[in-house]
Each structure stands twice: as C-alpha cells, then as structure tokens.
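Novice: Below are the structure tokens for one structure; questions will follow.
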Amino acid sequence: MAEEKLLSMRNVRPLLEMDTIKEAKKFGDRRAFHVLMEAQQYWDNMSRFRIDRERNKRYCYGDQWGDIVHVDGEDMTEEEFIKGMGTPPLKNNLIRRLVKNVLGVYRSQSKEPICTARDRDEQKLGETMSTILQCNMQMNRMNEVYARTMEEYLISGFVVHRKWYGWRNEKLDCWTDYVQPNNFFIDNNMRDFRGWDCSCLGEVHDISFEQLCQQFAHSPGDYERLSRIYATARNKGALITQCERFGYSRLQNYDFLFTSDPTRCRVIEVWRKESKPRYRCHDYNNGDVYKIDVEDYGVMVDAVNNRRTQRGIEAGMSVEDIPLIKAEWFMDDYWYYYYLTPFGDILDEGESPYEHKSHPYVFKAYPFIDGEIHSFVADVIDQQRYVNQLVTLHYWIMKASAKGVLLAPEECFKGMDINEVADEWARFNGVILYRPSKSGQIPQQVANNSTNIGINELLQLQLKFFEDISGVHGALQGRTPTSGTSGTLYAQQQQNATTSLLDLLDSFSMFVVDAAYKDVKNMQQFYDSKRVFNIAGKSGAQVEYDPKKIRDIEFDLSITESTSTPAYRQMANEFLMQIWSAGQISLQQLLENGNFPFADQLLQSIKSQQEQLENGQMPEGLSPQLQQQVAQGANQQAVEQLYGAMRQAA
C-alpha cells in the first residue's frame with residue numbers, strides 16, 4: 001500500500017494572521033497605498049472644517065466681503081458685486097476686537113501646569129518635575145505659543161501641538177511644535193471629547209529636500225533613493241507657478257497628495273492603531289501587571305514559573321503557595337506610525353517609540369458634540385454681516401440723498417452762466433444778481449436729512465446682540481465705567497463677564513494639561529542623565545534632575561495660578577519678610593525663596609563671604625569686633641554671627 005501523502009495545513013486551511021502588520025506585509029509594496037487611501041478619506045471628510053476655518057479667519061482679519069453670491073447667472077464675491085455698483089465695500093471689524101479681548105482675558109489669568117506626585121511621600125520629586133516642566137516651557141517660549149494657539153482656538157475651534165524629542169537649534173531636548181489644523185486629519189468616527197477613541201490621525205508635511213534627508217537618509221543609498229523619489233524638489237529647477245503671495249491662504253490649491261510648491265517634498269505622517277495577540281501578565285510575587293508578545297511567552301512566563309516552582313519545592317513550600325506569573329491571552333491594540341510619500345513609498349515605520357505608548361500629537365476640538373466643531377468666531381459672523389450691511393446701507397442712502405442742491409428757476413438767470421452761479425453760491429460773501437420771475441419763485445437750496453430713518457437704532461441693536469451672543473461685555477472690554485460706579489461693582493461686572501467665557505477657557509486649560517502630560521512623559525523617558533535646571537529670573541528655583549528617582553513616578557497635572565504674576569510675588573515677599581523679621585528663617589533662605597531684584601547678587605556675596613570664613617580668611621566689610629570673634633571662634637559660629645550682623649544691618 002502506497003504511503004499516504006501529507007498535505008501542508010497551510011495549503012489545506014490558510015492560517016489566519018491576527019497581527020495586522022504581518023497581514024499587511026503580505027501585499028508587499030501595495031500596503032502603503034491602503035494606508036494612504038484611508039488617510040485621504042479622513043482628510044477629505046474634514047474639508048468642511050477647512051472651508052469653515054478659512055471663512056472664520058477671513059472675517060477675523062478683516063476680509064468680510066469674500067462670500068460668493070450668484071448675480072445674473074454669474075458667481076462673484078460680495079466685494080466685487082458692491083464695487084460693481086460704484087460703492088466701496090465698507091466694514092467695521094468687531095470680531096478682531098472681540099478676539100483681542102478674549103486673548104487679553106486668557107493672558108491675564110497667568111496660569112501654568114503643576115506636577116503633583118500621586119504618592120504623597122514623593123511630593124518633593126513632584127516639585128522638582130514642576131520646575132523642570134517650567135524650564136522646558138520657557139525654552140519652547142510656550143507663553144507665546146499658547147497665546148497664538150488660543151487665537152487659533154477662537155477662530156477655528158480646533159488646535160494641535162506635536163511633542164517630540166530631538167535636535168533643534170544645536171540642542172538635544174524635548175520640543176513643542178504648533179501644527180496648522182489645515183495640515184492635520186483625525187479619525188472621523190471619533191465621538192469622545194477627550195479624543196480617547198481616536199484610531200487614526202496624521203499630518204501632511206511640506207519640507208525641503210535638505211530637511212527630508214536629515215530625517216530619513218541614514219546612508220548614501222538612502223540619499224540616492226530619496227533623490228529619485230523627489231527629483232523635482234532636489235533639482236529646484238521648477239518654477240513656482242501656483243504659490244500666492246506670502247501670508248495669504250492657498251486653500252483653493254490644497255491637495256492631500258501633491259503640494260502646490262514643487263520645490264517642497266510632500267511627506268504624509270500617519271499614526272494608526274494596529275492589533276496583535278499578546279499576553280497580559282500578573283506577577284503575584286511583586287504585584288506587577290504588564291504585557292508581553294506571544295513570542296516571549298516561553299522565556300518570560302514558562303521559564304520563570306519553572307524556576308520559581310523548583311526553588312519553592314527546594315525550600316519546602318507547597319505548590320499552591322508558590323507565587324507564579326499568571327498570563328491571559330488577549331488582542332492588544334497599539335499605535336503604529338508610517339512616513340509615506342505620495343507615490344506609495346514607506347520612508348519609515350514602526351511601533352510608537354514613546355514610553356507613553358501613544359502618538360506625539362495633542363489636539364482639542366470644541367465643542368465636539370456629535371463630532372462637530374463650532375468655533376467662537378463663527379457664532380458672531382452673522383452679527384458682523386448685519387453691521388457691515390447697515391453701515392453700507394447708511395452710506396448708500398446718504399450718497400443718494402440731496403445735500404445742499406440749488407434749485408433755481410430758469411428765467412431768473414438769463415444772461416448768466418450756471419457755473420458762475422454755482423461758484424458764487426458756494427463762495428463766502430458771494431453776491432448773485434437775479435431777475436424775479438412773474439411767479440415769484442426764487443433760487444433755494446435743498447438738503448435732505450437722511451440720518452433719522454432708523455438705521456442708527458438697528459445698528460445699536462446689532463452691536464448689543466454682538467455682545468450678548470459673544471458674552472464679551474463692556475466691563476470685560478476695559479471700557480471706562482460710568483460716573484458713580486464703585487470699584488467693587490466694576491470688578492463684579494468683570495467677573496460676571498468672564499463667567500460666559502469660563503467654559504471656553506477651562507476647555508483650553510485641559511488642552512494645556514494634556515500637552516504638559518506628554519511633556520512630562522517625554523522628559524522622564526529621554527532625560528537619562530543627571531542635569532541641573534534653573535528657572536530664568538527666579539532665584540532659588542535651581543533643582544537637580546535624577547533620572548533614577550523620577551523615571552518611574554506617576555504624576556498628576558493641574559492648572560494653577562502662576563507664581564510669576566506681580567500680585568503673587570508681592571504677597572510672597574511680604575509673607576517672607578514677616579517670618580524673617582520674627583527670626584524664623586535666615587537671610588539666605590529669605591533671598592532664595594523670595595522674588596527680589598537684588599537677590600542673586602546678595603546671595604553670591606553671602607556665599608563668597610561664607611567660603612572665606614570656612615577657609616580661615618577674613619571677609620571684607622566686617623567690624624573689628626566681629627573679626628576678633630571670628631578669629632577666636634569656630635567657623636560655624638562665625639557664619640551664624642555673620643548672618644546675625646547682616647540681619648541687624650538690614
């Protein structure tokens with residue numbers, strides 16, 4: 001009997017590949033197009049947002065007659081239509097003033113993120129991380145970045161930052177980049193206000209060929225490959241024919257795959273959630289819970305359990321009492337990144353390199369009810385249009401009304417030129433000779449009062465609607481109060497006006513918290529050596545970062561009032577002066593914790609004198625009696641006497 005032929009199970013029943021990356025790699029080079037098509041779908045679905053953002057930006061910065069109207073079968077802008085009627089398109093930009101007022105409220109808050117260790121025994125490390133975070137924010141000029149981001153938040157309702165670690169300005173550190181929302185796309189199936197259900201996001205980059213090679217060329221072969229892909233951008237021989245003037249939008253030429261500037265290289269960054277089978281492990285010996293890949297199960301679970309079982313039996317423990325690692329199989333999702341060219345080439349890919357296991361972006365959409373974005377500026381565009389229309393209508397009426405028109409009977413000026421009559425009529429002390437007609441009519445001037453026709457009342461009504469809808473009233477705008485208004489009442493009016501903006505401001509504060517959280521995680525991961533930090537302009541804020549102590553600490557972040565405000569500094573200085581006068585702290589402690597303009601110089605002088613005393617030298621500027629006491633006593637006593645003398649002198 002012939003031996004039965006064995007067939008491979010792979011041919012009988014193809015094995016299901018549960019790892020989405022391994023499954024995609026079966027398609028070879030075509031898999032990049034699958035990612036591109038998905039990203040382009042999300043990009044196209046955000047076209048309405050980009051159009052609305054462009055309109056909101058136009059209205060905010062004064063281009064308020066750019067909407068398209070259909071007149072006599074032809075499409076044109078409202079500005080072109082009004083100019084065609086012989087009238088200048090008048091406007092009164094109230095939206096810009098409104099945005100400036102809200103930005104002023106935001107800047108006046110002077111808030112900053114503060115780190116708090118969840119374990120109260122590690123709170124000192126939380127204060128250290130707060131100082132490091134503030135130093136990083138100073139390096140990134142985050143006060144200005146957040147102000148401009150807040151302006152974007154008011155205009156479009158959607159803001160994005162990118163947190164990364166690398167070289168910039170000859171420095172290796174953690175950096176923050178502002179991302180233009182037009183270049184960004186997110187998963188349109190998202191409905192969570194926090195963005196926790198996002199499964200795909202990305203950014204479109206237009207960079208120079210030199211920047212491209214700096215990031216993706218790791219060998220001469222990589223450089224040649226990039227040169228072939230981006231031959232036009234490398235040669236820089238193409239003329240820029242579609243780019244508009246600097247500072248103006250190119251939204252009409254915006255495309256997902258191709259840039260309107262042929263000297264730039266289009267790179268599409270996509271972060272997508274992939275899935276693969278893994279084990280969730282619980283180590284009962286130390287309580288750790290962690291994940292491992294299926295390939296590591298034998299080494300990290302079976303081998304460890306076998307060693308523990310053998311050691312436990314040798315120690316006389318029962319099998320039930322031996323702490324083992326329990327593993328549970330599950331399908332895990334994780335963030336995976338792609339850097340793609342528009343032609344389907346993969347420049348780089350891999351699992352998230354960050355220990356926070358997420359993407360490098362921080363974004364916030366407002367209000368995001370049912371996935372919709374509605375900006376603060378969009379709420380008052382209709383009122384702005386009504387104001388512009390009323391101003392233009394008032395101009396039209398005044399232009400068409402009679403303003404000093406001379407009515408003269410024809411028979412009164414026989415033999416006299418009408419131009420001479422007009423010049424003499426408008427001249428000071430002019431004299432006109434005319435012959436009275438039989439009907440008794442005389443020349444008379446006609447002026448029509450076209451002001452009291454209700455337009456002013458309508459305009460005031462729209463201005464009131466403008467304030468009511470936006471919530472920015474007179475007190476918040478800094479208007480001078482009426483006579484008899486007390487300071488307490490005016491402050492209360494400002495507080496009440498701020499209440500209407502509280503939701504918007506607190507929502508943006510959560511964006512700041514999320515951004516600071518990723519900053520802290522990146523610093524814990526990439527700051528791998530000891531370093532000293534000092535907040536510029538603040539004495540006593542110098543701390544030492546020890547990665548061994550801070551690396552594994554979990555911090556909670558909150559937004560609190562900044563200690564850099566003049567009111568806070570004055571209050572802190574007064575409190576420190578009181579306890580220093582009572583002898584509870586030393587002069588050095590006062591200078592280190594206070595905010596005095598002379599603190600650094602005085603501290604340096606004190607430390608210099610302290611070093612001289614410790615070396616047995618006589619510091620300059622001391623009285624003869626104190627010098628004799630220093631020579632006779634111990635160094636420590638001399639230092640204490642020196643501090644006492646300085647307190648008395650102060």
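In the structure tokens, chains take the letters A, B, ... in the order shown, each chain's residues start at 1, and ligands count up from 1 in the order shown.
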Find the spatial neighbours of Val421 (chain A), counting only C-alpha atoms, within a cut-off of 10 Å - ignore same-chain residues fewer than 2 positions away - and output them as number ranges by chain.
Specialist: A: 406, 408, 413, 416-419, 423-427, 430-434
Novice: Compile a residue-level contact table for region 224-324 of chain A against region 169-191 of chain A at a cut-off of 10 Å, reporting for every qualifying residue the shortest atom pair and its distance in Å to one decimal, with only C-alpha atoms counted, rows ordered by chain and ascending number, as a tab-separated table.
Specialist:
residue	atom	partner	partner_atom	distance
A:Leu251	CA	A:Asn182	CA	8.5
A:Tyr254	CA	A:Asn182	CA	8.9
A:Asp255	CA	A:Asn183	CA	10.0
A:Phe256	CA	A:Asn183	CA	8.8
A:Ile268	CA	A:Asn183	CA	9.7
A:Glu269	CA	A:Phe184	CA	9.5
A:Val270	CA	A:Phe185	CA	9.2
A:Trp271	CA	A:Ile186	CA	9.6
A:Arg272	CA	A:Asp187	CA	9.4
Novice: Using only C-alpha atoms, which of A:Phe330, A:Tyr386, A:Phe368, A:Phe49 sits nearest Ser156 (chain A)?
Specialist: A:Phe49
Novice: Report, in Å with one decimal, the straight-line distance from CA of Arg435 (chain A) to CA of Cys412 (chain A).
Specialist: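 We find that CA of Arg435 (chain A) and CA of Cys412 (chain A) lie 4.9 Å from each other.
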Novice: Can you check which residues of region 150-389 of chain A DSSP gives as helix (DSSP H, G or I) on the backbone and send them as an MDAnalysis selection string?
Specialist: chainID A and resid 150:156 181:183 209:216 220:229 231:235 251:253 294:314 319:321 369:371 377:389
Novice: Quick one: of A:Asp67, A:Glu152, A:Glu574, A:Glu38, who's nearest to Arg55 (chain A), counting only C-alpha atoms?
Specialist: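 Under the stated criterion, the closest residue is A:Asp67.
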Novice: Could you pull the residues within 10 Å of region 19-22 of chain A, counting only C-alpha atoms, minus those fewer than 6 positions along the same chain, as a list in words?
Specialist: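 Counting only the stated atoms, we get Arg31, Lys273, Glu274, Ser275, Lys276, Pro277, Arg278, Met331, Asp332, Asp333, Tyr336 and Gly350 of chain A.
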Novice: Go ahead and dump the residues you just picked, N, CA and C atoms, as a CSV table (one decimal), in the first residue's frame.
Specialist:
chain,number,residue,atom,x,y,z
A,31,ARG,N,0.9,47.8,0.3
A,31,ARG,CA,0.3,48.1,1.5
A,31,ARG,C,0.3,49.6,1.9
A,273,LYS,N,-3.9,52.8,14.8
A,273,LYS,CA,-3.9,51.7,15.8
A,273,LYS,C,-3.9,50.4,15.0
A,274,GLU,N,-2.9,49.6,15.3
A,274,GLU,CA,-2.8,48.2,14.8
A,274,GLU,C,-3.1,47.3,16.0
A,275,SER,N,-3.3,46.0,15.6
A,275,SER,CA,-3.6,45.0,16.7
A,275,SER,C,-2.8,43.7,16.5
A,276,LYS,N,-2.5,43.1,17.6
A,276,LYS,CA,-1.8,41.8,17.5
A,276,LYS,C,-2.1,41.0,18.8
A,277,PRO,N,-1.9,39.7,18.8
A,277,PRO,CA,-2.2,38.9,20.0
A,277,PRO,C,-1.0,39.1,21.0
A,278,ARG,N,-1.4,39.3,22.3
A,278,ARG,CA,-0.4,39.4,23.3
A,278,ARG,C,-0.9,38.7,24.6
A,331,MET,N,-6.3,40.3,22.6
A,331,MET,CA,-5.9,41.0,21.4
A,331,MET,C,-5.6,42.5,21.8
A,332,ASP,N,-4.4,42.9,21.6
A,332,ASP,CA,-4.0,44.2,22.0
A,332,ASP,C,-3.9,45.2,20.8
A,333,ASP,N,-4.3,46.4,21.1
A,333,ASP,CA,-4.1,47.5,20.1
A,333,ASP,C,-3.0,48.4,20.5
A,336,TYR,N,1.0,52.6,15.8
A,336,TYR,CA,2.0,52.3,14.8
A,336,TYR,C,2.1,53.5,13.8
A,350,GLY,N,7.1,52.0,12.2
A,350,GLY,CA,7.4,51.3,13.5
A,350,GLY,C,6.4,51.5,14.5
Novice: As an exercise, work out the distance from CA of Gln383 (chain A) to CA of Phe466 (chain A) in Å and give it to one decimal place.
Specialist: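 Calculated distance between CA of Gln383 (chain A) and CA of Phe466 (chain A) is 5.9 Å.
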Novice: Considering only C-alpha atoms, can you say which of A:Asn143, A:Gln215, A:His34, A:Gly28 comes closest to Gln109 (chain A)?
Specialist: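 Closest to Gln109 (chain A), using only C-alpha atoms: A:Asn143.
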Novice: Between A:Val99, A:Ile325, A:Met317, A:Cys135, which is the closest to Gly287 (chain A) once you count only C-alpha atoms?
Specialist: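 Once distances to Gly287 (chain A) are computed over only C-alpha atoms, the minimum belongs to A:Ile325.
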Novice: Using only C-alpha atoms, tabulate the residues of region 85-125 of chain A lying at most 12 Å from any atom of region 500-523 of chain A, each with its closest atom pair and that distance in Å to one decimal, by chain and increasing residue number, as JSON lines.
Specialist:
{"residue": "A:Leu98", "atom": "CA", "partner": "A:Leu501", "partner_atom": "CA", "distance": 11.9}
{"residue": "A:Val99", "atom": "CA", "partner": "A:Leu501", "partner_atom": "CA", "distance": 11.8}
{"residue": "A:Asn101", "atom": "CA", "partner": "A:Leu501", "partner_atom": "CA", "distance": 11.0}
{"residue": "A:Val102", "atom": "CA", "partner": "A:Leu501", "partner_atom": "CA", "distance": 8.1}
{"residue": "A:Leu103", "atom": "CA", "partner": "A:Leu505", "partner_atom": "CA", "distance": 10.0}
{"residue": "A:Gly104", "atom": "CA", "partner": "A:Leu505", "partner_atom": "CA", "distance": 11.8}
{"residue": "A:Val105", "atom": "CA", "partner": "A:Leu505", "partner_atom": "CA", "distance": 9.1}
{"residue": "A:Tyr106", "atom": "CA", "partner": "A:Leu505", "partner_atom": "CA", "distance": 7.2}
{"residue": "A:Arg107", "atom": "CA", "partner": "A:Leu505", "partner_atom": "CA", "distance": 10.7}
{"residue": "A:Ser108", "atom": "CA", "partner": "A:Leu505", "partner_atom": "CA", "distance": 11.8}
{"residue": "A:Gln109", "atom": "CA", "partner": "A:Leu505", "partner_atom": "CA", "distance": 9.7}
{"residue": "A:Ser110", "atom": "CA", "partner": "A:Ser509", "partner_atom": "CA", "distance": 11.5}
{"residue": "A:Lys111", "atom": "CA", "partner": "A:Ser509", "partner_atom": "CA", "distance": 8.9}
{"residue": "A:Glu112", "atom": "CA", "partner": "A:Val512", "partner_atom": "CA", "distance": 8.5}
{"residue": "A:Pro113", "atom": "CA", "partner": "A:Val513", "partner_atom": "CA", "distance": 6.5}
{"residue": "A:Ile114", "atom": "CA", "partner": "A:Ala516", "partner_atom": "CA", "distance": 8.9}
{"residue": "A:Cys115", "atom": "CA", "partner": "A:Val520", "partner_atom": "CA", "distance": 8.7}
{"residue": "A:Thr116", "atom": "CA", "partner": "A:Tyr517", "partner_atom": "CA", "distance": 11.4}
{"residue": "A:Ala117", "atom": "CA", "partner": "A:Val520", "partner_atom": "CA", "distance": 11.9}
